[in-house]
$ cat run.cif   # mmCIF, C-alpha atoms and all ligand atoms
data_query
#
loop_
_atom_site.label_atom_id
_atom_site.label_comp_id
_atom_site.auth_asym_id
_atom_site.auth_seq_id
_atom_site.Cartn_x
_atom_site.Cartn_y
_atom_site.Cartn_z
CA MET A 1 0.00 0.00 0.00
CA SER A 2 1.12 3.55 -0.65
CA PHE A 3 2.16 5.87 2.19
CA GLN A 4 -0.33 8.67 2.70
CA VAL A 5 0.11 11.91 4.62
CA ALA A 6 -3.11 13.89 5.10
CA ILE A 7 -2.91 17.59 5.97
CA ASP A 8 -6.14 19.41 6.75
CA GLY A 9 -6.79 22.86 8.12
CA PRO A 10 -8.37 26.24 7.49
CA ALA A 11 -7.44 28.70 4.73
CA GLY A 12 -4.19 30.51 5.38
CA ALA A 13 -2.68 28.06 7.86
CA GLY A 14 0.15 27.44 5.40
CA LYS A 15 -0.98 24.01 4.20
CA SER A 16 0.16 24.21 0.58
CA THR A 17 3.59 25.66 1.35
CA VAL A 18 4.15 23.11 4.09
CA ALA A 19 2.70 20.14 2.20
CA LYS A 20 4.78 20.92 -0.88
CA ALA A 21 7.99 21.11 1.18
CA VAL A 22 7.16 17.92 3.10
CA ALA A 23 6.53 16.08 -0.18
CA LYS A 24 9.83 17.31 -1.59
CA GLU A 25 11.76 16.20 1.48
CA LEU A 26 10.14 12.76 1.50
CA GLU A 27 10.12 12.41 -2.29
CA PHE A 28 6.37 11.88 -2.24
CA VAL A 29 3.92 13.41 -4.69
CA TYR A 30 2.12 16.55 -3.49
CA VAL A 31 -1.61 16.69 -4.22
CA ASP A 32 -3.25 20.10 -3.78
CA THR A 33 -6.97 19.32 -3.60
CA GLY A 34 -7.98 22.98 -3.13
CA ALA A 35 -6.67 23.64 -6.64
CA MET A 36 -9.23 21.18 -8.03
CA TYR A 37 -12.14 22.99 -6.35
CA ARG A 38 -10.64 26.26 -7.53
CA ALA A 39 -10.72 24.95 -11.12
CA ILE A 40 -14.44 24.17 -10.74
CA GLY A 41 -15.00 27.67 -9.29
CA LEU A 42 -13.03 29.27 -12.13
CA ASN A 43 -15.05 27.38 -14.70
CA CYS A 44 -18.30 28.78 -13.27
CA LEU A 45 -16.91 32.32 -13.27
CA ASN A 46 -15.66 31.93 -16.86
CA LYS A 47 -18.99 30.57 -18.07
CA GLY A 48 -21.04 33.15 -16.17
CA VAL A 49 -22.75 30.51 -14.03
CA ASP A 50 -24.12 31.74 -10.69
CA ILE A 51 -22.11 29.84 -8.07
CA HIS A 52 -25.04 30.00 -5.64
CA ASP A 53 -27.31 28.18 -8.10
CA GLU A 54 -26.51 24.55 -7.30
CA GLU A 55 -28.45 23.14 -10.26
CA ALA A 56 -26.66 25.39 -12.72
CA VAL A 57 -23.27 24.51 -11.20
CA LEU A 58 -24.08 20.79 -11.43
CA ALA A 59 -25.26 21.10 -15.03
CA LEU A 60 -21.94 22.70 -15.90
CA LEU A 61 -20.07 20.04 -13.93
CA ASP A 62 -21.35 17.37 -16.32
CA ASP A 63 -19.52 19.16 -19.12
CA THR A 64 -16.41 19.81 -17.08
CA ASP A 65 -13.26 17.77 -17.27
CA VAL A 66 -10.77 18.26 -14.46
CA SER A 67 -7.57 16.27 -14.26
CA ILE A 68 -4.14 16.51 -12.74
CA ARG A 69 -0.85 16.28 -14.54
CA TYR A 70 2.67 16.60 -13.20
CA ILE A 71 4.93 18.96 -15.12
CA ASP A 72 8.51 19.07 -13.78
CA LYS A 73 7.17 17.51 -10.57
CA GLU A 74 4.72 20.43 -10.13
CA GLN A 75 1.01 19.70 -10.02
CA ALA A 76 -0.87 21.25 -12.94
CA VAL A 77 -4.67 21.36 -12.89
CA ILE A 78 -6.09 20.79 -16.33
CA LEU A 79 -9.56 22.24 -16.89
CA ASN A 80 -11.13 21.10 -20.16
CA GLY A 81 -7.67 20.63 -21.66
CA GLU A 82 -6.17 23.90 -20.39
CA ASN A 83 -3.53 24.25 -17.66
CA VAL A 84 -5.22 26.77 -15.32
CA ASN A 85 -2.54 26.97 -12.61
CA GLY A 86 -1.90 30.64 -13.43
CA LYS A 87 -5.57 31.57 -13.05
CA ILE A 88 -6.78 29.92 -9.85
CA ARG A 89 -4.84 31.75 -7.13
CA THR A 90 -7.06 34.83 -6.86
CA GLN A 91 -9.28 35.74 -3.93
CA GLU A 92 -12.33 35.65 -6.22
CA VAL A 93 -11.62 32.10 -7.40
CA GLY A 94 -10.92 31.02 -3.79
CA GLU A 95 -14.32 32.32 -2.70
CA ALA A 96 -16.03 30.61 -5.64
CA ALA A 97 -14.22 27.36 -4.76
CA SER A 98 -15.43 27.62 -1.17
CA VAL A 99 -19.04 28.00 -2.36
CA VAL A 100 -19.11 25.27 -5.04
CA SER A 101 -17.17 22.80 -2.88
CA ALA A 102 -20.21 22.65 -0.59
CA TYR A 103 -22.21 20.79 -3.28
CA LYS A 104 -22.29 17.03 -2.79
CA LEU A 105 -21.85 16.03 -6.44
CA VAL A 106 -18.94 18.42 -6.88
CA ARG A 107 -17.26 16.76 -3.92
CA GLU A 108 -17.98 13.21 -5.13
CA LYS A 109 -16.33 13.91 -8.46
CA MET A 110 -13.24 15.52 -6.92
CA VAL A 111 -12.87 12.95 -4.12
CA ALA A 112 -12.90 10.08 -6.65
CA LEU A 113 -10.11 11.77 -8.59
CA GLN A 114 -8.09 12.39 -5.42
CA GLN A 115 -8.45 8.81 -4.19
CA GLU A 116 -7.35 7.49 -7.55
CA LEU A 117 -4.17 9.57 -7.36
CA ALA A 118 -3.22 8.05 -4.00
CA VAL A 119 -3.75 4.36 -4.74
CA THR A 120 -0.29 3.48 -5.98
CA THR A 121 1.68 6.64 -5.25
CA ASP A 122 3.08 7.90 -1.92
CA VAL A 123 1.36 11.23 -1.40
CA VAL A 124 1.15 14.30 0.77
CA MET A 125 -2.37 15.58 0.20
CA ASP A 126 -3.76 18.79 1.64
CA GLY A 127 -7.33 20.05 1.91
CA ARG A 128 -10.28 20.16 4.30
CA ASP A 129 -11.60 16.58 4.28
CA ILE A 130 -8.51 14.51 3.55
CA ALA A 131 -8.33 12.63 6.87
CA SER A 132 -12.10 12.55 7.39
CA CYS A 133 -13.16 11.47 3.92
CA VAL A 134 -10.60 11.17 1.09
CA LEU A 135 -7.86 9.15 2.81
CA PRO A 136 -9.34 7.82 6.07
CA ASN A 137 -6.55 5.23 6.27
CA ALA A 138 -3.70 7.71 5.90
CA GLN A 139 -0.77 6.66 8.07
CA VAL A 140 -0.07 10.22 9.21
CA LYS A 141 -2.83 12.79 9.72
CA ILE A 142 -2.05 16.41 10.52
CA TYR A 143 -4.40 19.24 11.41
CA LEU A 144 -2.53 22.43 10.61
CA ASP A 145 -4.02 25.45 12.32
CA ALA A 146 -3.15 29.07 13.12
CA SER A 147 -5.16 31.82 14.79
CA VAL A 148 -7.52 33.92 12.66
CA GLU A 149 -5.43 37.02 13.39
CA VAL A 150 -2.19 35.41 12.25
CA ARG A 151 -3.77 33.95 9.10
CA ALA A 152 -5.37 37.29 8.20
CA LYS A 153 -2.07 39.12 8.73
CA ARG A 154 -0.27 36.65 6.43
CA ARG A 155 -2.90 37.11 3.72
CA TYR A 156 -2.79 40.89 4.14
CA LEU A 157 1.01 40.99 3.78
CA GLU A 158 0.79 38.75 0.70
CA LEU A 159 -1.62 41.22 -0.93
CA ILE A 160 0.52 44.23 -0.02
CA GLU A 161 3.59 42.46 -1.39
CA LYS A 162 1.76 41.95 -4.68
CA GLY A 163 1.12 45.69 -4.79
CA LYS A 164 -2.60 45.31 -4.08
CA GLU A 165 -4.65 47.52 -1.80
CA ALA A 166 -5.82 45.77 1.34
CA ASP A 167 -7.39 46.47 4.67
CA LEU A 168 -6.46 44.18 7.55
CA LYS A 169 -9.91 44.28 9.16
CA THR A 170 -11.62 43.37 5.85
CA VAL A 171 -9.18 40.51 5.26
CA GLU A 172 -9.85 39.25 8.80
CA ASP A 173 -13.61 39.30 8.17
CA GLU A 174 -13.11 37.34 4.92
CA VAL A 175 -11.01 34.74 6.73
CA ARG A 176 -13.70 34.30 9.40
CA GLU A 177 -16.41 34.01 6.76
CA ARG A 178 -14.47 31.39 4.77
CA ASP A 179 -13.76 29.41 7.98
CA TYR A 180 -17.42 29.48 8.89
CA ARG A 181 -18.52 28.24 5.46
CA ASP A 182 -15.85 25.51 5.28
CA MET A 183 -16.59 24.29 8.83
CA HIS A 184 -20.39 24.43 8.79
CA ARG A 185 -21.35 23.05 5.42
CA GLU A 186 -23.43 19.89 5.37
CA ASN A 187 -21.12 17.84 3.14
CA SER A 188 -17.69 16.96 4.52
CA PRO A 189 -17.09 20.07 6.62
CA LEU A 190 -13.59 20.86 7.80
CA VAL A 191 -13.09 18.91 11.03
CA ARG A 192 -10.15 17.73 13.05
CA VAL A 193 -10.47 13.94 13.29
CA PRO A 194 -9.54 12.73 16.79
CA GLU A 195 -6.41 10.90 15.65
CA ALA A 196 -4.98 13.90 13.75
CA ILE A 197 -1.91 15.55 15.24
CA LEU A 198 -2.56 19.23 15.88
CA VAL A 199 0.19 21.54 14.64
CA ASP A 200 -0.36 25.23 15.38
CA SER A 201 1.74 27.23 12.96
CA SER A 202 0.90 30.63 14.50
CA TYR A 203 4.35 31.11 16.00
CA MET A 204 6.38 28.55 14.08
CA THR A 205 8.48 29.07 10.97
CA ILE A 206 7.66 27.07 7.84
CA ASP A 207 10.87 25.06 8.31
CA GLU A 208 9.87 24.13 11.86
CA VAL A 209 6.42 22.95 10.75
CA VAL A 210 7.91 20.94 7.87
CA GLU A 211 10.50 19.38 10.16
CA GLU A 212 7.83 18.35 12.66
CA ILE A 213 5.69 16.64 10.02
CA VAL A 214 8.62 14.95 8.28
CA SER A 215 9.81 13.55 11.60
CA LYS A 216 6.33 12.13 12.31
CA VAL A 217 6.47 10.29 8.98
CA ARG A 218 10.02 9.02 9.53
CA ASN A 219 9.17 7.88 13.05
CA TYR A 220 6.10 6.10 11.74
CA GLU A 221 8.21 4.27 9.18
CA HIS A 222 10.58 3.16 11.93
CA GLU A 223 7.90 1.93 14.30
O1 LIG A 301 -7.12 25.39 0.16
P1 LIG A 301 -7.72 26.34 -0.84
O2 LIG A 301 -7.84 27.76 -0.33
O3 LIG A 301 -7.05 26.27 -2.18
O4 LIG A 301 -9.23 25.79 -1.06
C1 LIG A 301 -10.21 26.53 -1.74
C2 LIG A 301 -11.60 26.10 -1.25
O5 LIG A 301 -11.86 24.76 -1.69
C3 LIG A 301 -11.78 26.07 0.26
O6 LIG A 301 -12.32 27.29 0.75
C4 LIG A 301 -12.72 24.92 0.51
C5 LIG A 301 -12.55 24.04 -0.69
N1 LIG A 301 -11.85 22.79 -0.41
C6 LIG A 301 -12.61 21.74 0.05
O7 LIG A 301 -13.81 21.90 0.27
N2 LIG A 301 -12.04 20.53 0.24
C7 LIG A 301 -10.74 20.34 0.02
N3 LIG A 301 -10.21 19.13 0.21
C8 LIG A 301 -9.94 21.42 -0.42
C9 LIG A 301 -10.52 22.65 -0.62
#
$ encode --input "run.cif" --output "structure tokens" --more "lines below"
Ligand code: DC
Amino acid sequence: MSFQVAIDGPAGAGKSTVAKAVAKELEFVYVDTGAMYRAIGLNCLNKGVDIHDEEAVLALLDDTDVSIRYIDKEQAVILNGENVNGKIRTQEVGEAASVVSAYKLVREKMVALQQELAVTTDVVMDGRDIASCVLPNAQVKIYLDASVEVRAKRRYLELIEKGKEADLKTVEDEVRERDYRDMHRENSPLVRVPEAILVDSSYMTIDEVVEEIVSKVRNYEHE
């Protein structure tokens, strides 16, 4: 069986940065599941489909092909034949992803794809429902958290660095809203499964978080 590392947690806890570095260190494949939901969100925005209209989103889903390819070891999300990696990292697409990911059929389609990726390959997979739903038998399960204030500050600094205008209070409200939606939806809400190891990245460097997770995996292998 493949070795599976599941990393769940709220937006802005540093999951993708950490998961990518852990995968590199362990020579596992990194699977960014948020990117898949972002591709579905992007598709709706591109096609002018109202993301709050579940029926319309599902009708579009039938015509949507999402797959994953690895280009120079980097995950590329292919939406209807196009590599959309350069288009999915915006706040607008993130919000759309958070809304459409609440729909059961959207989740079923993405979860099937994610599970398929992890059957024969050692993976580090990050998302919201990895330990609770996608890879319930993962050998190592991590819940990566950080306080709302710290996550909002990180997001705010990222925006400022990109030369965008931002207001810390507004960013903080957006983070709270996204948390609420991701944690309270009916289908596979973000939860910390009891066996997941809690890592609070609020006052840790990325290297420290990566080191902690890598050592859990190495210790597991030596048990
Ligand atoms: O991690 P991210 O910001 O790229 O995820 C975007 C949205 O996708 C997030 O707000 C909720 C959803 N998502 C999900 O429901 N399940 C996952 N496994 C990953 C992301």
$ atom_distance --input "run.cif" --atom1 "atom CA of A:Ala131" --atom2 "atom CA of A:Asp179"
17.7 Å
$ axis_aligned_box --input "run.cif" --around "stretch 135-143 of chain A" --padding-each-side "4 Å" --output "JSON"
{"center_x": -4.7, "center_y": 12.2, "center_z": 7.1, "size_x": 17.3, "size_y": 22.0, "size_z": 16.6}
$ closest_residue --input "run.cif" --among "A:Lys216, A:Glu55, A:Arg192, A:Tyr156" --to "A:Leu105" --atoms "only C-alpha atoms"
A:Glu55
$ atom_distance --input "run.cif" --atom1 "atom CA of A:Arg181" --atom2 "atom CA of A:Ala59"
22.7 Å
$ atom_distance --input "run.cif" --atom1 "atom CA of A:Glu186" --atom2 "atom CA of A:Ala96"
17.1 Å
$ closest_atom_pairs --input "run.cif" --of "chain A" --to "ligand LIG 301 (chain A)" --cutoff "7 Å" --atoms "all atoms listed in the file" --output "tab-separated table"
residue	atom	partner	partner_atom	distance
A:Ala11	CA	A:LIG301	O2	5.2
A:Thr33	CA	A:LIG301	C8	4.8
A:Gly34	CA	A:LIG301	O3	3.5
A:Ala35	CA	A:LIG301	O3	5.2
A:Tyr37	CA	A:LIG301	O5	5.0
A:Arg38	CA	A:LIG301	C1	5.8
A:Gly94	CA	A:LIG301	C1	5.0
A:Glu95	CA	A:LIG301	O6	6.4
A:Ala97	CA	A:LIG301	C2	4.6
A:Ser98	CA	A:LIG301	O6	3.7
A:Ser101	CA	A:LIG301	O7	4.7
A:Ala102	CA	A:LIG301	O7	6.5
A:Asp126	CA	A:LIG301	N3	6.6
A:Gly127	CA	A:LIG301	N3	3.5
A:Arg128	CA	A:LIG301	N3	4.2
A:Asp129	CA	A:LIG301	N3	5.0
A:Ile130	CA	A:LIG301	N3	5.9
A:Arg178	CA	A:LIG301	O6	6.1
A:Asp182	CA	A:LIG301	C4	5.7
$ residues_near_point --input "run.cif" --point "(-5.7, 25.5, 9.4)" --cutoff "12 Å" --atoms "only C-alpha atoms" --output "ChimeraX atom specification"
/A:7-16,18,126-129,142-148,150-152,175-176,178-179,182-183,190-192,198-202
$ closest_residue --input "run.cif" --among "A:Tyr203, A:Tyr30, A:Phe3, A:Tyr220" --to "A:Gln75" --atoms "only C-alpha atoms"
A:Tyr30
$ residues_near_point --input "run.cif" --point "(6.6, 17.5, -8.6)" --cutoff "8 Å" --atoms "all atoms listed in the file" --output "CSV table (one decimal) with C-alpha atoms, in the frame of the given file"
chain,number,residue,atom,x,y,z
A,24,LYS,CA,9.8,17.3,-1.6
A,29,VAL,CA,3.9,13.4,-4.7
A,30,TYR,CA,2.1,16.6,-3.5
A,70,TYR,CA,2.7,16.6,-13.2
A,71,ILE,CA,4.9,19.0,-15.1
A,72,ASP,CA,8.5,19.1,-13.8
A,73,LYS,CA,7.2,17.5,-10.6
A,74,GLU,CA,4.7,20.4,-10.1
A,75,GLN,CA,1.0,19.7,-10.0
$ closest_residue --input "run.cif" --among "A:Ile160, A:Ala39, A:Val99, A:Met204" --to "A:Ile51" --atoms "all atoms listed in the file"
A:Val99
$ closest_residue --input "run.cif" --among "A:Ala19, A:Ile206, A:Ile40, A:Ile197" --to "A:Lys87" --atoms "all atoms listed in the file"
A:Ile40
$ closest_residue --input "run.cif" --among "A:Asn85, A:Ala196, A:Ala21, A:Leu58" --to "A:Ala138" --atoms "all atoms listed in the file"
A:Ala196
$ residues_around --input "run.cif" --residues "stretch 108-116 of chain A" --least-positions-apart "3" --cutoff "8 Å" --atoms "all atoms listed in the file" --output "NGL selection string"
:A and (31 or 33 or 36-37 or 67 or 104-105 or 119 or 134-135)
